[in-house]
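Asks: target.cif is reproduced in full below (mmCIF, C-alpha atoms).
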data_data
#
loop_
_atom_site.group_PDB
_atom_site.id
_atom_site.type_symbol
_atom_site.label_atom_id
_atom_site.label_comp_id
_atom_site.auth_asym_id
_atom_site.auth_seq_id
_atom_site.Cartn_x
_atom_site.Cartn_y
_atom_site.Cartn_z
ATOM 1 C CA ALA A 1 17.761 -41.255 -11.119
ATOM 2 C CA ASP A 2 20.469 -39.894 -13.351
ATOM 3 C CA THR A 3 20.154 -40.635 -17.067
ATOM 4 C CA TYR A 4 23.121 -42.119 -18.916
ATOM 5 C CA ASN A 5 23.060 -43.872 -22.290
ATOM 6 C CA LEU A 6 25.275 -46.942 -22.706
ATOM 7 C CA SER A 7 27.233 -47.581 -25.903
ATOM 8 C CA ILE A 8 28.253 -51.251 -25.876
ATOM 9 C CA ASP A 9 30.582 -53.093 -28.260
ATOM 10 C CA ALA A 10 29.446 -56.675 -28.875
ATOM 11 C CA GLY A 11 32.095 -59.238 -27.945
ATOM 12 C CA ALA A 12 34.016 -56.803 -25.721
ATOM 13 C CA THR A 13 33.824 -56.434 -21.945
ATOM 14 C CA TYR A 14 31.817 -53.338 -20.973
ATOM 15 C CA GLN A 15 32.867 -51.492 -17.806
ATOM 16 C CA LEU A 16 31.470 -48.418 -16.074
ATOM 17 C CA THR A 17 31.754 -47.173 -12.488
ATOM 18 C CA VAL A 18 29.152 -44.831 -11.022
ATOM 19 C CA THR A 19 29.242 -43.003 -7.685
ATOM 20 C CA TRP A 20 26.178 -42.212 -5.599
ATOM 21 C CA ASN A 21 26.644 -38.863 -3.842
ATOM 22 C CA ASP A 22 24.446 -36.995 -1.385
ATOM 23 C CA SER A 23 23.295 -33.403 -1.939
ATOM 24 C CA ALA A 24 26.596 -32.096 -0.491
ATOM 25 C CA GLY A 25 28.580 -34.144 -3.013
ATOM 26 C CA ASP A 26 29.799 -36.725 -0.485
ATOM 27 C CA PRO A 27 29.641 -40.434 -1.379
ATOM 28 C CA ILE A 28 26.809 -42.436 0.183
ATOM 29 C CA ASN A 29 28.075 -45.509 2.019
ATOM 30 C CA LEU A 30 26.782 -48.618 0.222
ATOM 31 C CA THR A 31 27.906 -51.093 2.883
ATOM 32 C CA GLY A 32 25.053 -53.548 3.443
ATOM 33 C CA PHE A 33 23.318 -52.629 0.168
ATOM 34 C CA THR A 34 22.503 -54.951 -2.720
ATOM 35 C CA ALA A 35 22.378 -53.961 -6.384
ATOM 36 C CA ARG A 36 20.631 -55.109 -9.532
ATOM 37 C CA MET A 37 20.624 -54.053 -13.174
ATOM 38 C CA LYS A 38 18.695 -55.224 -16.236
ATOM 39 C CA LEU A 39 18.968 -54.490 -19.938
ATOM 40 C CA LYS A 40 15.785 -55.041 -21.944
ATOM 41 C CA SER A 41 14.726 -54.325 -25.499
ATOM 42 C CA THR A 42 11.577 -52.536 -24.249
ATOM 43 C CA TYR A 43 10.022 -51.534 -20.937
ATOM 44 C CA GLY A 44 8.193 -54.553 -19.558
ATOM 45 C CA GLY A 45 10.011 -56.957 -21.882
ATOM 46 C CA ASP A 46 12.210 -59.886 -20.934
ATOM 47 C CA ALA A 47 15.684 -59.159 -19.568
ATOM 48 C CA LEU A 48 18.450 -59.678 -22.133
ATOM 49 C CA VAL A 49 21.101 -59.076 -19.444
ATOM 50 C CA SER A 50 20.492 -59.319 -15.699
ATOM 51 C CA LEU A 51 23.275 -58.404 -13.244
ATOM 52 C CA THR A 52 23.694 -58.620 -9.457
ATOM 53 C CA GLU A 53 26.729 -58.612 -7.159
ATOM 54 C CA ALA A 54 27.184 -62.304 -8.018
ATOM 55 C CA ASP A 55 27.730 -61.635 -11.698
ATOM 56 C CA GLY A 56 28.796 -58.172 -12.763
ATOM 57 C CA LEU A 57 28.061 -55.548 -10.104
ATOM 58 C CA THR A 58 30.599 -54.608 -7.416
ATOM 59 C CA LEU A 59 29.651 -52.253 -4.591
ATOM 60 C CA GLY A 60 32.422 -50.019 -3.254
ATOM 61 C CA GLY A 61 31.156 -49.589 0.322
ATOM 62 C CA ALA A 62 32.086 -46.203 1.822
ATOM 63 C CA ALA A 63 33.312 -44.956 -1.583
ATOM 64 C CA GLY A 64 29.687 -45.002 -2.785
ATOM 65 C CA THR A 65 30.579 -46.694 -6.063
ATOM 66 C CA VAL A 66 28.933 -49.359 -8.164
ATOM 67 C CA ALA A 67 31.230 -50.950 -10.743
ATOM 68 C CA ILE A 68 29.350 -52.441 -13.679
ATOM 69 C CA THR A 69 30.995 -55.180 -15.734
ATOM 70 C CA ILE A 70 29.180 -56.897 -18.598
ATOM 71 C CA SER A 71 31.277 -59.796 -19.870
ATOM 72 C CA ASP A 72 32.297 -60.177 -23.501
ATOM 73 C CA THR A 73 30.097 -63.292 -23.668
ATOM 74 C CA LEU A 74 27.035 -61.311 -22.562
ATOM 75 C CA THR A 75 27.710 -58.345 -24.854
ATOM 76 C CA ALA A 76 28.017 -60.769 -27.784
ATOM 77 C CA THR A 77 24.518 -62.073 -27.040
ATOM 78 C CA LEU A 78 23.085 -58.558 -27.321
ATOM 79 C CA ALA A 79 24.059 -58.444 -30.981
ATOM 80 C CA ASP A 80 22.964 -62.071 -31.569
ATOM 81 C CA THR A 81 19.333 -61.096 -31.068
ATOM 82 C CA ALA A 82 17.054 -58.934 -33.162
ATOM 83 C CA HIS A 83 17.419 -56.317 -30.431
ATOM 84 C CA THR A 84 20.585 -54.234 -30.641
ATOM 85 C CA LYS A 85 19.157 -51.393 -28.579
ATOM 86 C CA GLY A 86 16.865 -50.936 -25.629
ATOM 87 C CA VAL A 87 16.469 -49.612 -22.097
ATOM 88 C CA TYR A 88 18.084 -50.331 -18.726
ATOM 89 C CA ASP A 89 18.222 -49.261 -15.116
ATOM 90 C CA LEU A 90 20.480 -49.779 -12.102
ATOM 91 C CA GLU A 91 18.976 -50.009 -8.616
ATOM 92 C CA VAL A 92 20.411 -50.385 -5.121
ATOM 93 C CA GLU A 93 18.525 -51.611 -2.070
ATOM 94 C CA SER A 94 19.427 -50.809 1.533
ATOM 95 C CA SER A 95 19.442 -53.445 4.266
ATOM 96 C CA GLY A 96 16.181 -51.830 5.418
ATOM 97 C CA GLY A 97 14.517 -52.581 2.073
ATOM 98 C CA VAL A 98 14.558 -49.067 0.569
ATOM 99 C CA THR A 99 15.156 -49.225 -3.195
ATOM 100 C CA THR A 100 16.764 -46.325 -5.084
ATOM 101 C CA ARG A 101 17.211 -46.158 -8.840
ATOM 102 C CA LEU A 102 20.680 -44.700 -9.407
ATOM 103 C CA LEU A 103 20.880 -44.768 -13.172
ATOM 104 C CA GLU A 104 18.590 -45.285 -16.146
ATOM 105 C CA GLY A 105 18.638 -44.776 -19.861
ATOM 106 C CA ARG A 106 19.004 -46.410 -23.229
ATOM 107 C CA TRP A 107 21.626 -48.814 -24.503
ATOM 108 C CA VAL A 108 22.847 -49.547 -28.003
ATOM 109 C CA CYS A 109 25.112 -52.426 -29.005
ATOM 110 C CA SER A 110 27.395 -52.251 -32.045
ATOM 111 C CA PRO A 111 27.689 -55.680 -33.714
ATOM 112 C CA GLU A 112 31.056 -57.412 -33.732
ATOM 113 C CA VAL A 113 32.988 -57.926 -36.976
ATOM 114 C CA THR A 114 35.934 -59.897 -35.549
ATOM 115 C CA ASP A 115 34.790 -62.871 -33.500
#
Please render this file's structure as structure tokens.
Replies:
Amino acid sequence: ADTYNLSIDAGATYQLTVTWNDSAGDPINLTGFTARMKLKSTYGGDALVSLTEADGLTLGGAAGTVAITISDTLTATLADTAHTKGVYDLEVESSGGVTTRLLEGRWVCSPEVTD
């Protein structure tokens, strides 16, 4: 998996699009795949944010992209807890059941002043 650290502003919508490419640099077709992503304060801890295609992840099919959107409501909750930083990963699963972790890293959430 690639490592990428997320810098999130509480109370604002967070957006990021990642592309999964093969060794030749061509996008891998994600048609028929599912995706999931969780943000936690620590490995093994409870999910503070949990995303699927139903609520924040959009797969781009032949373009090989996964668009991540964390709503302003969800980012606000990250700063409402004692945990304003943690870990996350993004996984995709093929129709055949093969899971690949595309992205992983740490996240930090800056508290909101204007709410």
Asks: With all atoms listed in the file as the counted atoms, please give the residues lying no more than 12 Å from Gly60 in chain A, apart from itself and same-chain residues fewer than 2 positions off, as an mmCIF file with C-alpha atoms, in the frame of the given file.
Replies:
data_model
loop_
_atom_site.group_PDB
_atom_site.id
_atom_site.type_symbol
_atom_site.label_atom_id
_atom_site.label_comp_id
_atom_site.auth_asym_id
_atom_site.auth_seq_id
_atom_site.Cartn_x
_atom_site.Cartn_y
_atom_site.Cartn_z
ATOM 1 C CA THR A 17 31.754 -47.173 -12.488
ATOM 2 C CA VAL A 18 29.152 -44.831 -11.022
ATOM 3 C CA THR A 19 29.242 -43.003 -7.685
ATOM 4 C CA TRP A 20 26.178 -42.212 -5.599
ATOM 5 C CA PRO A 27 29.641 -40.434 -1.379
ATOM 6 C CA ILE A 28 26.809 -42.436 0.183
ATOM 7 C CA ASN A 29 28.075 -45.509 2.019
ATOM 8 C CA LEU A 30 26.782 -48.618 0.222
ATOM 9 C CA THR A 31 27.906 -51.093 2.883
ATOM 10 C CA GLY A 32 25.053 -53.548 3.443
ATOM 11 C CA PHE A 33 23.318 -52.629 0.168
ATOM 12 C CA THR A 34 22.503 -54.951 -2.720
ATOM 13 C CA ALA A 35 22.378 -53.961 -6.384
ATOM 14 C CA GLU A 53 26.729 -58.612 -7.159
ATOM 15 C CA LEU A 57 28.061 -55.548 -10.104
ATOM 16 C CA THR A 58 30.599 -54.608 -7.416
ATOM 17 C CA ALA A 62 32.086 -46.203 1.822
ATOM 18 C CA ALA A 63 33.312 -44.956 -1.583
ATOM 19 C CA GLY A 64 29.687 -45.002 -2.785
ATOM 20 C CA THR A 65 30.579 -46.694 -6.063
ATOM 21 C CA VAL A 66 28.933 -49.359 -8.164
ATOM 22 C CA ALA A 67 31.230 -50.950 -10.743
ATOM 23 C CA ILE A 68 29.350 -52.441 -13.679
#
Asks: For the file shown, what are the residues hit by the PyMOL selection byres ((chain A and resi 9) around 8), laid out as a ChimeraX atom specification?
Replies: /A:7-8,10-14,75,109-112
Asks: Hey, can you spit out that residue selection with C-alpha atoms as a JSON list (two decimals), keeping the file's coordinate frame?
Replies:
[["chain", "number", "residue", "atom", "x", "y", "z"],
["A", 7, "SER", "CA", 27.23, -47.58, -25.90],
["A", 8, "ILE", "CA", 28.25, -51.25, -25.88],
["A", 10, "ALA", "CA", 29.45, -56.68, -28.88],
["A", 11, "GLY", "CA", 32.10, -59.24, -27.94],
["A", 12, "ALA", "CA", 34.02, -56.80, -25.72],
["A", 13, "THR", "CA", 33.82, -56.43, -21.94],
["A", 14, "TYR", "CA", 31.82, -53.34, -20.97],
["A", 75, "THR", "CA", 27.71, -58.34, -24.85],
["A", 109, "CYS", "CA", 25.11, -52.43, -29.00],
["A", 110, "SER", "CA", 27.40, -52.25, -32.04],
["A", 111, "PRO", "CA", 27.69, -55.68, -33.71],
["A", 112, "GLU", "CA", 31.06, -57.41, -33.73]]
Asks: Name every residue that the PyMOL selection byres ((chain A and resi 79-96) around 7) selects in this structure, writing the answer as a PyMOL selection string with chains first and numbers rising.
Replies: chain A and resi 10+32-43+76-78+97-109+111
Asks: How far is it from CA of Leu6 in chain A to CA of Leu74 in chain A, in Å with one decimal?
Replies: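 Answer for the CA of Leu6 in chain A to CA of Leu74 in chain A separation: 14.5 Å.
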Asks: How far is it from CA of Ser71 in chain A to CA of Tyr4 in chain A, in Å with one decimal?
Replies: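 Between CA of Ser71 in chain A and CA of Tyr4 in chain A the gap works out to 19.5 Å.
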Asks: Can you work out the spacing between CA of Ser23 in chain A and CA of Leu51 in chain A in Å, to one decimal?
Replies: 27.4 Å
Asks: Using only C-alpha atoms, which of the listed residues (A:Thr73, A:Gly56, A:Asp46, A:Asp115) sits closest to Gln15 in chain A?
Replies: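 Distance minimum relative to Gln15 in chain A lands on A:Gly56.
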